[in-house]
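Asker: Sharing data-v4.cif, mmCIF, C-alpha atoms (C1' of nucleotides):
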```cif
data_model
loop_
_atom_site.label_atom_id
_atom_site.label_comp_id
_atom_site.auth_asym_id
_atom_site.auth_seq_id
_atom_site.Cartn_x
_atom_site.Cartn_y
_atom_site.Cartn_z
CA MET A 1 -15.44 -41.38 8.04
CA GLU A 2 -15.82 -44.15 10.49
CA LYS A 3 -15.52 -46.75 7.78
CA LEU A 4 -13.58 -46.13 4.59
CA ASP A 5 -15.85 -46.89 1.62
CA TRP A 6 -13.06 -48.06 -0.66
CA PRO A 7 -13.10 -51.75 -1.69
CA PRO A 8 -9.97 -53.77 -0.83
CA THR A 9 -8.81 -53.68 -4.44
CA LYS A 10 -8.80 -49.89 -4.43
CA ILE A 11 -6.91 -49.76 -1.15
CA LYS A 12 -4.25 -52.06 -2.57
CA ALA A 13 -4.04 -50.01 -5.76
CA PHE A 14 -3.52 -46.85 -3.71
CA ARG A 15 -0.72 -48.41 -1.66
CA GLN A 16 0.95 -49.71 -4.79
CA ALA A 17 0.77 -46.38 -6.61
CA LEU A 18 2.20 -44.55 -3.61
CA LEU A 19 4.98 -47.03 -2.80
CA ASN A 20 6.03 -47.58 -6.42
CA TRP A 21 6.50 -43.85 -6.74
CA TYR A 22 8.36 -43.70 -3.44
CA ASP A 23 10.70 -46.51 -4.44
CA ALA A 24 11.59 -44.66 -7.62
CA GLU A 25 11.61 -41.06 -6.46
CA LYS A 26 12.19 -40.90 -2.71
CA ARG A 27 14.44 -38.11 -1.44
CA ASP A 28 17.95 -39.05 -0.40
CA LEU A 29 18.07 -37.74 3.17
CA PRO A 30 20.77 -38.34 5.81
CA TRP A 31 18.34 -39.99 8.26
CA ARG A 32 17.22 -42.44 5.59
CA ARG A 33 20.60 -44.21 5.51
CA ASP A 34 19.36 -46.73 8.08
CA HIS A 35 16.45 -47.44 10.44
CA ASP A 36 18.25 -46.79 13.72
CA PRO A 37 15.65 -45.51 16.21
CA TYR A 38 18.18 -43.03 17.65
CA HIS A 39 18.74 -41.52 14.22
CA ILE A 40 15.01 -41.38 13.54
CA LEU A 41 14.35 -39.72 16.90
CA ILE A 42 16.93 -37.00 16.32
CA SER A 43 15.73 -36.24 12.81
CA GLU A 44 12.05 -36.27 13.72
CA THR A 45 12.62 -33.99 16.70
CA MET A 46 14.62 -31.52 14.62
CA LEU A 47 12.04 -31.64 11.85
CA GLN A 48 9.19 -30.54 14.12
CA GLN A 49 7.96 -27.28 12.59
CA THR A 50 11.31 -26.96 10.80
CA GLN A 51 12.19 -27.34 7.13
CA VAL A 52 14.29 -30.21 5.81
CA ALA A 53 16.97 -27.93 4.34
CA THR A 54 17.43 -26.22 7.70
CA VAL A 55 17.71 -29.50 9.58
CA ILE A 56 20.29 -31.34 7.45
CA PRO A 57 23.46 -29.55 8.67
CA TYR A 58 22.24 -29.60 12.29
CA TYR A 59 21.53 -33.32 12.02
CA GLU A 60 24.99 -34.11 10.67
CA ARG A 61 26.76 -32.09 13.35
CA PHE A 62 24.57 -33.38 16.17
CA LEU A 63 25.13 -37.01 15.24
CA ALA A 64 28.88 -36.49 14.93
CA GLN A 65 28.96 -34.91 18.39
CA PHE A 66 26.55 -37.33 20.07
CA PRO A 67 26.91 -40.57 18.06
CA THR A 68 24.89 -42.85 20.34
CA VAL A 69 21.93 -42.62 22.66
CA LYS A 70 24.32 -43.26 25.57
CA ALA A 71 26.59 -40.41 24.49
CA LEU A 72 23.65 -38.02 24.32
CA ALA A 73 22.33 -39.17 27.69
CA ALA A 74 25.71 -38.55 29.32
CA ALA A 75 26.48 -35.20 27.65
CA PRO A 76 26.47 -31.88 29.53
CA GLU A 77 23.16 -30.14 28.93
CA ALA A 78 24.97 -26.97 27.89
CA ALA A 79 26.66 -28.86 25.07
CA VAL A 80 23.30 -30.12 23.82
CA MET A 81 21.83 -26.62 23.91
CA LYS A 82 24.85 -25.25 22.06
CA ALA A 83 24.40 -27.88 19.35
CA TRP A 84 20.79 -26.76 19.03
CA GLU A 85 21.65 -23.04 18.85
CA GLY A 86 19.67 -21.34 16.08
CA LEU A 87 17.19 -24.17 15.51
CA GLY A 88 14.52 -22.70 17.75
CA TYR A 89 11.94 -24.32 20.03
CA TYR A 90 14.76 -25.07 22.47
CA SER A 91 12.67 -27.24 24.77
CA ARG A 92 12.98 -29.84 22.01
CA ALA A 93 16.70 -30.13 22.77
CA ARG A 94 16.23 -30.57 26.50
CA ARG A 95 13.47 -33.12 26.04
CA LEU A 96 15.46 -34.99 23.41
CA GLN A 97 18.24 -35.47 25.92
CA GLN A 98 15.72 -36.46 28.58
CA ALA A 99 14.31 -39.10 26.22
CA ALA A 100 17.83 -40.45 25.67
CA GLN A 101 18.31 -40.62 29.44
CA GLN A 102 15.00 -42.45 29.80
CA VAL A 103 16.02 -45.03 27.21
CA VAL A 104 19.34 -45.61 28.96
CA ARG A 105 18.02 -45.54 32.53
CA ASP A 106 14.51 -46.98 32.27
CA TYR A 107 15.07 -49.41 29.41
CA GLY A 108 18.74 -50.31 29.93
CA GLY A 109 19.57 -48.88 26.50
CA GLN A 110 17.08 -51.25 24.83
CA TRP A 111 14.56 -49.14 22.89
CA PRO A 112 10.84 -49.65 23.45
CA THR A 113 9.36 -50.71 20.11
CA THR A 114 5.71 -49.66 20.16
CA ALA A 115 4.23 -46.25 19.50
CA ALA A 116 2.39 -46.40 22.83
CA GLU A 117 5.62 -46.91 24.79
CA LEU A 118 7.58 -44.39 22.72
CA GLN A 119 4.98 -41.70 23.30
CA ALA A 120 5.62 -41.97 27.03
CA LEU A 121 9.15 -40.64 26.48
CA SER A 122 9.91 -36.95 26.93
CA GLY A 123 9.25 -34.83 23.85
CA ILE A 124 7.71 -37.69 21.87
CA GLY A 125 4.10 -37.05 20.89
CA PRO A 126 1.73 -38.97 18.64
CA TYR A 127 3.46 -37.98 15.41
CA THR A 128 7.03 -38.76 16.45
CA ALA A 129 5.97 -41.98 18.19
CA GLY A 130 4.25 -43.12 15.00
CA ALA A 131 7.25 -42.19 12.88
CA ILE A 132 9.76 -44.10 15.03
CA ALA A 133 7.50 -47.12 15.55
CA SER A 134 6.71 -47.46 11.85
CA ILE A 135 10.16 -46.64 10.41
CA ALA A 136 12.42 -48.31 12.98
CA PHE A 137 10.16 -51.11 14.23
CA ASN A 138 7.71 -51.75 11.39
CA GLU A 139 4.59 -51.13 13.45
CA ALA A 140 1.54 -50.36 11.28
CA VAL A 141 0.67 -47.02 12.85
CA PRO A 142 0.18 -43.68 11.09
CA ALA A 143 2.61 -40.76 11.53
CA ILE A 144 0.36 -37.75 11.05
CA ASP A 145 2.23 -34.51 10.50
CA GLY A 146 1.26 -31.45 8.50
CA ASN A 147 1.98 -33.31 5.27
CA ALA A 148 -0.31 -36.21 6.15
CA PHE A 149 -3.09 -33.83 7.19
CA ARG A 150 -2.81 -31.98 3.89
CA VAL A 151 -2.52 -35.09 1.68
CA PHE A 152 -5.49 -36.91 3.16
CA ALA A 153 -7.63 -33.80 3.58
CA ARG A 154 -7.23 -33.28 -0.16
CA LEU A 155 -7.62 -36.91 -1.19
CA PHE A 156 -10.94 -37.18 0.70
CA CYS A 157 -12.08 -33.53 0.75
CA ILE A 158 -12.12 -33.56 4.55
CA GLU A 159 -13.61 -30.34 5.91
CA ASP A 160 -12.53 -30.78 9.54
CA ASP A 161 -10.26 -28.03 10.90
CA ILE A 162 -6.81 -29.58 11.28
CA ALA A 163 -5.92 -26.95 13.90
CA LYS A 164 -8.37 -28.58 16.31
CA PRO A 165 -7.00 -31.42 18.46
CA GLN A 166 -10.05 -33.64 17.99
CA THR A 167 -9.50 -33.75 14.24
CA ARG A 168 -6.46 -36.00 14.64
CA GLY A 169 -8.59 -38.93 15.72
CA ARG A 170 -10.57 -38.91 12.50
CA PHE A 171 -7.41 -38.87 10.41
CA GLU A 172 -5.92 -41.68 12.49
CA ALA A 173 -8.99 -43.82 11.81
CA LEU A 174 -8.83 -43.12 8.09
CA ILE A 175 -5.08 -43.57 7.61
CA GLY A 176 -5.15 -46.66 9.82
CA GLN A 177 -7.29 -48.34 7.16
CA LEU A 178 -5.04 -47.26 4.32
CA ILE A 179 -1.54 -47.81 5.71
CA ASP A 180 0.35 -50.73 4.18
CA PRO A 181 0.83 -53.32 6.95
CA GLU A 182 3.83 -54.71 5.07
CA ARG A 183 5.66 -51.37 4.71
CA PRO A 184 4.24 -48.90 7.24
CA GLY A 185 7.44 -46.86 7.54
CA ASP A 186 7.78 -46.42 3.81
CA PHE A 187 4.07 -45.63 3.53
CA ASN A 188 4.36 -42.83 6.09
CA GLN A 189 7.50 -41.40 4.52
CA ALA A 190 5.96 -41.60 1.05
CA VAL A 191 3.06 -39.49 2.30
CA MET A 192 5.55 -36.93 3.59
CA ASP A 193 7.40 -36.80 0.27
CA LEU A 194 4.08 -36.45 -1.54
CA GLY A 195 3.03 -33.66 0.80
CA SER A 196 6.24 -31.77 0.12
CA SER A 197 6.12 -32.16 -3.65
CA TYR A 198 3.01 -32.72 -5.79
CA MET A 199 0.69 -32.06 -2.86
CA ARG A 200 2.57 -29.21 -1.19
CA ALA A 201 0.74 -26.33 0.45
CA LYS A 202 1.67 -23.67 -2.10
CA ASP A 203 1.81 -24.13 -5.85
CA PRO A 204 1.00 -27.85 -5.84
CA ASP A 205 0.98 -30.02 -8.96
CA PRO A 206 -1.77 -32.53 -8.24
CA ALA A 207 -2.28 -33.41 -11.90
CA HIS A 208 1.05 -35.25 -11.96
CA SER A 209 0.82 -36.82 -8.53
CA PRO A 210 1.19 -40.61 -8.41
CA VAL A 211 -2.17 -40.79 -6.64
CA VAL A 212 -4.07 -38.33 -8.82
CA ALA A 213 -6.65 -41.02 -9.59
CA PHE A 214 -7.53 -41.09 -5.87
CA ASP A 215 -7.58 -37.32 -5.35
CA GLN A 216 -11.13 -36.11 -4.82
CA SER A 217 -10.08 -32.49 -4.37
CA TYR A 218 -8.42 -32.50 -7.79
CA GLN A 219 -11.37 -34.20 -9.41
CA THR A 220 -13.70 -31.54 -8.04
CA ASN A 221 -11.27 -28.65 -8.67
CA ARG A 222 -10.99 -27.76 -4.96
CA VAL A 223 -7.36 -28.60 -4.25
CA LEU A 224 -6.53 -25.32 -2.53
CA ASP A 225 -9.64 -25.51 -0.34
CA PHE A 226 -7.88 -28.19 1.73
CA PRO A 227 -6.79 -28.62 4.38
CA VAL A 228 -9.12 -26.40 6.40
CA LYS A 229 -7.08 -24.67 9.09
CA THR A 230 -7.91 -21.69 11.32
CA LYS A 231 -5.44 -18.84 11.31
CA LYS A 232 -3.25 -17.83 14.22
CA PRO A 233 -3.43 -14.35 15.75
CA ARG A 234 -0.84 -11.72 14.95
CA PRO A 235 2.20 -11.59 17.23
CA LYS A 236 1.82 -9.16 20.11
CA VAL A 237 4.34 -6.33 20.34
CA VAL A 238 6.41 -6.45 23.54
CA PRO A 239 8.87 -3.61 24.25
CA TYR A 240 12.05 -4.18 26.28
CA PHE A 241 15.28 -2.49 27.13
CA ALA A 242 18.26 -4.73 26.36
CA LEU A 243 21.26 -3.95 28.60
CA ALA A 244 24.60 -4.31 26.83
CA ILE A 245 26.98 -4.05 29.78
CA GLU A 246 30.66 -4.54 29.10
CA SER A 247 33.52 -4.90 31.55
CA PRO A 248 37.18 -5.85 31.10
CA ALA A 249 36.00 -9.43 31.72
CA GLY A 250 33.56 -9.38 28.77
CA TRP A 251 29.85 -8.99 28.13
CA LEU A 252 27.33 -9.50 30.88
CA LEU A 253 25.11 -12.38 29.78
CA GLU A 254 22.21 -13.63 31.83
CA GLN A 255 20.81 -17.13 31.67
CA ARG A 256 17.10 -17.02 30.95
CA PRO A 257 14.67 -18.77 33.30
CA ASN A 258 14.27 -22.50 32.73
CA SER A 259 10.75 -22.08 31.39
CA GLY A 260 9.12 -19.69 28.98
CA MET A 261 10.71 -17.89 26.05
CA LEU A 262 14.26 -18.95 25.16
CA ALA A 263 14.52 -20.97 28.36
CA ASP A 264 18.09 -21.60 29.61
CA LEU A 265 19.70 -19.60 26.81
CA TRP A 266 22.11 -16.70 27.37
CA MET A 267 21.19 -13.08 26.65
CA PHE A 268 21.77 -9.50 27.64
CA PRO A 269 19.57 -8.69 30.65
CA LEU A 270 16.15 -7.48 29.53
CA VAL A 271 13.89 -4.99 31.30
CA ALA A 272 10.21 -5.03 30.34
CA ARG A 273 9.20 -1.50 29.36
CA ALA A 274 5.49 -2.12 29.82
CA GLU A 275 5.97 -1.71 33.57
CA LEU A 276 7.90 1.56 33.29
CA GLU A 277 6.45 5.06 33.26
CA GLY A 278 7.23 8.43 31.73
CA ASP A 279 9.30 9.42 28.73
CA LEU A 280 12.35 7.61 27.39
CA ASP A 281 14.86 9.24 29.75
CA ALA A 282 12.67 8.50 32.76
CA GLN A 283 12.32 4.87 31.67
CA ILE A 284 16.07 4.50 31.21
CA ALA A 285 16.56 5.82 34.75
CA GLN A 286 14.07 3.27 36.08
CA ALA A 287 15.81 0.48 34.17
CA ALA A 288 19.14 1.52 35.69
CA ALA A 289 17.61 1.54 39.16
CA GLN A 290 16.08 -1.87 38.63
CA PHE A 291 19.39 -3.28 37.45
CA ALA A 292 21.25 -1.69 40.35
CA ALA A 293 18.85 -3.33 42.79
CA GLU A 294 19.37 -6.76 41.26
CA ALA A 295 23.11 -6.60 40.60
CA GLY A 296 24.14 -4.50 43.58
CA ILE A 297 26.00 -1.97 41.48
CA ALA A 298 25.11 1.24 39.66
CA VAL A 299 25.82 1.52 35.96
CA GLU A 300 25.40 4.46 33.63
CA LEU A 301 23.03 3.31 30.88
CA GLN A 302 23.15 5.17 27.59
CA LEU A 303 21.08 4.85 24.45
CA ALA A 304 23.09 2.93 21.85
CA ASP A 305 23.63 4.29 18.37
CA ALA A 306 21.82 1.31 16.87
CA LYS A 307 18.99 1.69 19.27
CA LEU A 308 16.15 -0.52 18.06
CA VAL A 309 16.29 -4.24 17.28
CA LYS A 310 13.11 -6.06 16.29
CA HIS A 311 12.67 -9.81 16.45
CA THR A 312 9.47 -11.65 15.62
CA PHE A 313 8.54 -14.99 17.19
CA THR A 314 5.40 -16.98 16.49
CA HIS A 315 3.38 -15.19 19.17
CA GLN A 316 5.40 -12.11 20.09
CA GLN A 317 7.33 -9.35 18.44
CA TRP A 318 10.10 -8.06 20.67
CA GLN A 319 11.11 -4.43 20.20
CA LEU A 320 14.44 -4.11 21.95
CA THR A 321 15.80 -0.67 22.73
CA LEU A 322 19.51 -1.17 23.15
CA LEU A 323 21.23 0.50 26.10
CA THR A 324 24.95 0.31 26.72
CA ALA A 325 27.16 0.77 29.77
CA ALA A 326 30.80 0.27 30.66
CA ALA A 327 31.37 -1.26 34.07
CA PRO A 328 34.08 -2.78 36.23
CA ALA A 329 34.04 -6.58 36.46
CA PHE A 330 31.85 -6.64 39.54
CA ASP A 331 30.88 -9.80 41.38
CA LEU A 332 27.93 -11.61 39.78
CA ALA A 333 27.25 -14.06 42.58
CA VAL A 334 23.70 -12.82 43.04
CA LEU A 335 22.72 -13.16 39.38
CA PRO A 336 22.31 -16.19 37.09
CA ALA A 337 24.82 -14.39 34.89
CA ARG A 338 28.42 -14.51 33.64
CA TRP A 339 31.00 -12.24 32.10
CA VAL A 340 31.70 -13.65 28.67
CA PRO A 341 34.63 -12.30 26.66
CA ALA A 342 34.11 -12.13 22.90
CA ALA A 343 36.48 -15.05 22.37
CA LYS A 344 34.33 -17.30 24.58
CA LEU A 345 30.95 -16.56 23.04
CA ALA A 346 31.17 -19.83 21.12
CA ALA A 347 30.86 -21.72 24.40
CA VAL A 348 27.33 -20.61 25.31
CA ALA A 349 24.03 -21.11 23.51
CA LEU A 350 22.75 -17.78 22.21
CA PRO A 351 19.31 -17.27 20.69
CA THR A 352 19.09 -15.56 17.32
CA VAL A 353 17.73 -12.38 18.87
CA GLN A 354 20.93 -12.07 20.96
CA LYS A 355 23.03 -12.50 17.83
CA LYS A 356 21.04 -9.65 16.32
CA LEU A 357 21.89 -7.48 19.32
CA PHE A 358 25.62 -8.18 18.95
CA LYS A 359 25.34 -7.41 15.27
CA ALA A 360 23.64 -4.10 15.98
CA LEU A 361 26.45 -3.17 18.39
CA ASN A 362 29.00 -3.94 15.71
CA GLY A 363 27.39 -1.51 13.33
CA GLY A 364 25.38 -4.16 11.51
CA LYS A 365 28.28 -6.54 10.83
"C1'" DA B 1 -9.37 -26.72 24.36
"C1'" DA B 2 -6.51 -23.00 23.77
"C1'" DC B 3 -2.24 -21.26 24.25
"C1'" DC B 4 2.78 -21.33 24.51
"C1'" DC B 5 7.25 -22.26 22.37
"C1'" DG B 6 11.84 -20.12 17.33
"C1'" DT B 7 13.55 -19.65 13.05
"C1'" DG B 8 14.22 -19.01 8.06
"C1'" DG B 9 12.24 -18.95 3.47
"C1'" DG B 10 8.96 -17.44 -0.04
"C1'" DC B 11 6.04 -14.20 -2.12
"C1'" DT C 1 6.02 -5.42 4.75
"C1'" DG C 2 3.22 -8.78 6.59
"C1'" DC C 3 1.73 -13.19 6.34
"C1'" DC C 4 1.97 -18.08 5.76
"C1'" DC C 5 4.37 -22.12 6.01
"C1'" DA C 6 7.67 -26.04 7.59
"C1'" DA C 7 8.38 -34.12 9.44
"C1'" DG C 8 4.72 -30.92 16.73
"C1'" DG C 9 4.75 -31.37 21.83
"C1'" DG C 10 3.65 -29.76 26.47
"C1'" DT C 11 0.54 -27.84 29.60
#
```
With the file now loaded, output its structure as structure tokens.

Answerer:
Amino acid sequence: MEKLDWPPTKIKAFRQALLNWYDAEKRDLPWRRDHDPYHILISETMLQQTQVATVIPYYERFLAQFPTVKALAAAPEAAVMKAWEGLGYYSRARRLQQAAQQVVRDYGGQWPTTAAELQALSGIGPYTAGAIASIAFNEAVPAIDGNAFRVFARLFCIEDDIAKPQTRGRFEALIGQLIDPERPGDFNQAVMDLGSSYMRAKDPDPAHSPVVAFDQSYQTNRVLDFPVKTKKPRPKVVPYFALAIESPAGWLLEQRPNSGMLADLWMFPLVARAELEGDLDAQIAQAAAQFAAEAGIAVELQLADAKLVKHTFTHQQWQLTLLTAAAPAFDLAVLPARWVPAAKLAAVALPTVQKKLFKALNGGK
DNA sequence: AACCCGTGGGC
DNA sequence: TGCCCAAGGGT
């Protein structure tokens, strides 16, 4: 598709059909109240791999807590992580704050205005750079997300696998010829609205789409054949012991390493069972020994009543066997850990799997 | 290029 | 239940 074979009149008709529909039917979303690049950045970052309905309350709270790019740049990282709690993909939160710090420090608070410059900021890739540049700064660049891939794959019956990185370039070339140079931000957002309504992944309604006359997949009765996308492998099962250790000072929560799964969040200490040997009792004894070596104190681990908690991520399924122990409030200087009383749990960022563990300890409530 | 990184909803 | 999907980016 090096060169789009549509005549200029057809290109104009497509833009008009899309934008007329958008002007009449666009969704009323909190981040569409203005074109502030800070607002666009927050919303686009939250919306990565996350549904609109999930994002809306997070967006409102986040903006109330960190109203300006300077406020976000200056905030304690723990506060940013807490505001992100439950949204997932937590590196997004750290990189969002890093981007804010880059804007303040490297640009003196004056936003770069091109997609090329924006993409150099932390956490901003080709999609988010295109979205900010087109919506906030009117640059005629595509913003290719899952919606755009689906919409244009269907419109042109494109067989390329959208899971492959090299496919993006072909879509960029195509959309670059179609995007409305007068209204690039609205064009990109119209494509997203189209991709989440008439041209959604499941149960689409292409017959009533504003661009049905341009939809080759509909005309050839192959709508659901597009986009072509390879499947992901099933999550791998990973067994752990989760150590619920309670002292008069509260629960023992460990801060996870600053890279990898649930980086920087707070959880019960985990012991990987794959490295342990023997039956359950033997493994519990090994877990206790391992903990004693790290913490410098022996605890008596017991199988909890609610013993198994499962949590599925994109690539892993954790099977957590819950062990409990009562302990004195021993010194934690050697661990990246804290005693957190129940009343102070609201102060640390907990992943959903940790909330499940607390719930299991409370008898499912 | 292939893999890693969360969560909730829908069927 | 298991699987797919949802405004991706980093390495």

Asker: Can you spell out as a PDB file with C-alpha atoms (C1' of nucleotides), in the coordinates of the input the set of residues that the PyMOL selection byres ((chain B and resi 3) around 10) selects in the structure I just provided?

Answerer:
```pdb
ATOM      1  CA  HIS A 315       3.380 -15.190  19.170  1.00  0.00           C
TER       2      HIS A 315
ATOM      3  C1'  DA B   1      -9.370 -26.720  24.360  1.00  0.00           C
ATOM      4  C1'  DA B   2      -6.510 -23.000  23.770  1.00  0.00           C
ATOM      5  C1'  DC B   4       2.780 -21.330  24.510  1.00  0.00           C
ATOM      6  C1'  DC B   5       7.250 -22.260  22.370  1.00  0.00           C
TER       7       DC B   5
ATOM      8  C1'  DT C  11       0.540 -27.840  29.600  1.00  0.00           C
TER       9       DT C  11
END
```

Asker: Quick check: residues of chain A within 9 Å of chain B, only C-alpha atoms (C1' of nucleotides), returned as a short mmCIF file (atom, residue, chain, number, x, y, z; two decimals) with C-alpha atoms, in the frame of the given file.

Answerer:
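Result file follows (part.cif):
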```
data_model
loop_
_atom_site.label_atom_id
_atom_site.label_comp_id
_atom_site.auth_asym_id
_atom_site.auth_seq_id
_atom_site.Cartn_x
_atom_site.Cartn_y
_atom_site.Cartn_z
CA THR A 50 11.31 -26.96 10.80
CA GLN A 51 12.19 -27.34 7.13
CA THR A 54 17.43 -26.22 7.70
CA GLY A 86 19.67 -21.34 16.08
CA LEU A 87 17.19 -24.17 15.51
CA GLY A 88 14.52 -22.70 17.75
CA TYR A 89 11.94 -24.32 20.03
CA TYR A 90 14.76 -25.07 22.47
CA SER A 91 12.67 -27.24 24.77
CA LYS A 164 -8.37 -28.58 16.31
CA PRO A 165 -7.00 -31.42 18.46
CA GLY A 260 9.12 -19.69 28.98
CA MET A 261 10.71 -17.89 26.05
CA LEU A 262 14.26 -18.95 25.16
CA THR A 312 9.47 -11.65 15.62
CA PHE A 313 8.54 -14.99 17.19
CA THR A 314 5.40 -16.98 16.49
CA HIS A 315 3.38 -15.19 19.17
CA PRO A 351 19.31 -17.27 20.69
CA THR A 352 19.09 -15.56 17.32
#
```

Asker: Counting all atoms listed in the file, which residues sit no farther than 8 Å from the position (16.8, -37.7, 22.8) in the file's frame? I'd like them as number ranges by chain.

Answerer: A: 38, 41-42, 69, 72-73, 93, 95-101

Asker: Write the residues of the preceding selection, restricted to C-alpha atoms, as a PDB file, in the coordinates of the input.

Answerer:
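The file below, out_36.pdb, is the result:
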```pdb
ATOM      1  CA  TYR A  38      18.180 -43.030  17.650  1.00  0.00           C
ATOM      2  CA  LEU A  41      14.350 -39.720  16.900  1.00  0.00           C
ATOM      3  CA  ILE A  42      16.930 -37.000  16.320  1.00  0.00           C
ATOM      4  CA  VAL A  69      21.930 -42.620  22.660  1.00  0.00           C
ATOM      5  CA  LEU A  72      23.650 -38.020  24.320  1.00  0.00           C
ATOM      6  CA  ALA A  73      22.330 -39.170  27.690  1.00  0.00           C
ATOM      7  CA  ALA A  93      16.700 -30.130  22.770  1.00  0.00           C
ATOM      8  CA  ARG A  95      13.470 -33.120  26.040  1.00  0.00           C
ATOM      9  CA  LEU A  96      15.460 -34.990  23.410  1.00  0.00           C
ATOM     10  CA  GLN A  97      18.240 -35.470  25.920  1.00  0.00           C
ATOM     11  CA  GLN A  98      15.720 -36.460  28.580  1.00  0.00           C
ATOM     12  CA  ALA A  99      14.310 -39.100  26.220  1.00  0.00           C
ATOM     13  CA  ALA A 100      17.830 -40.450  25.670  1.00  0.00           C
ATOM     14  CA  GLN A 101      18.310 -40.620  29.440  1.00  0.00           C
TER      15      GLN A 101
END
```

Asker: As a check of understanding, name the residues that the PyMOL selection byres ((chain A) within 10 of (chain C)) selects in the supplied structure, as a PyMOL selection string.

Answerer: chain A and resi 43-52+54+91-92+95+122-128+131+143-148+189+192-193+196+201-202+231-232+234

Asker: A:Ala304: which residues within 7 Å, counting only C-alpha atoms (C1' of nucleotides), same-chain residues fewer than 6 positions away excluded, as a list in words?

Answerer: Leu322, Leu323 and Thr324 of chain A

Asker: Expressed in Å to a single decimal, how great is the separation between atom CA of A:Ile11 and atom CA of A:Asn188?

Answerer: 15.1 Å

Asker: Looking at only C-alpha atoms, which of A:Trp111, A:Tyr58, A:Phe291, A:Phe156 is the one that sits closest to A:Gln216?

Answerer: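 Nearest to A:Gln216: A:Phe156.
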
Asker: So how far away is atom CA of A:Ile297 from atom CA of A:Ser247, in Å?

Answerer: 12.8 Å

Asker: Using the chain letters and residue numbers of this document, give as a PyMOL selection string the residues selected by the PyMOL selection byres ((chain A and resi 278-280) around 12).

Answerer: chain A and resi 240-241+273-277+281-287+302-303+321+323

Asker: Do you have the atom CA of A:Ala325-atom CA of A:Ile245 distance handy?

Answerer: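 Computing the Euclidean distance for atom CA of A:Ala325 and atom CA of A:Ile245 yields 4.8 Å.
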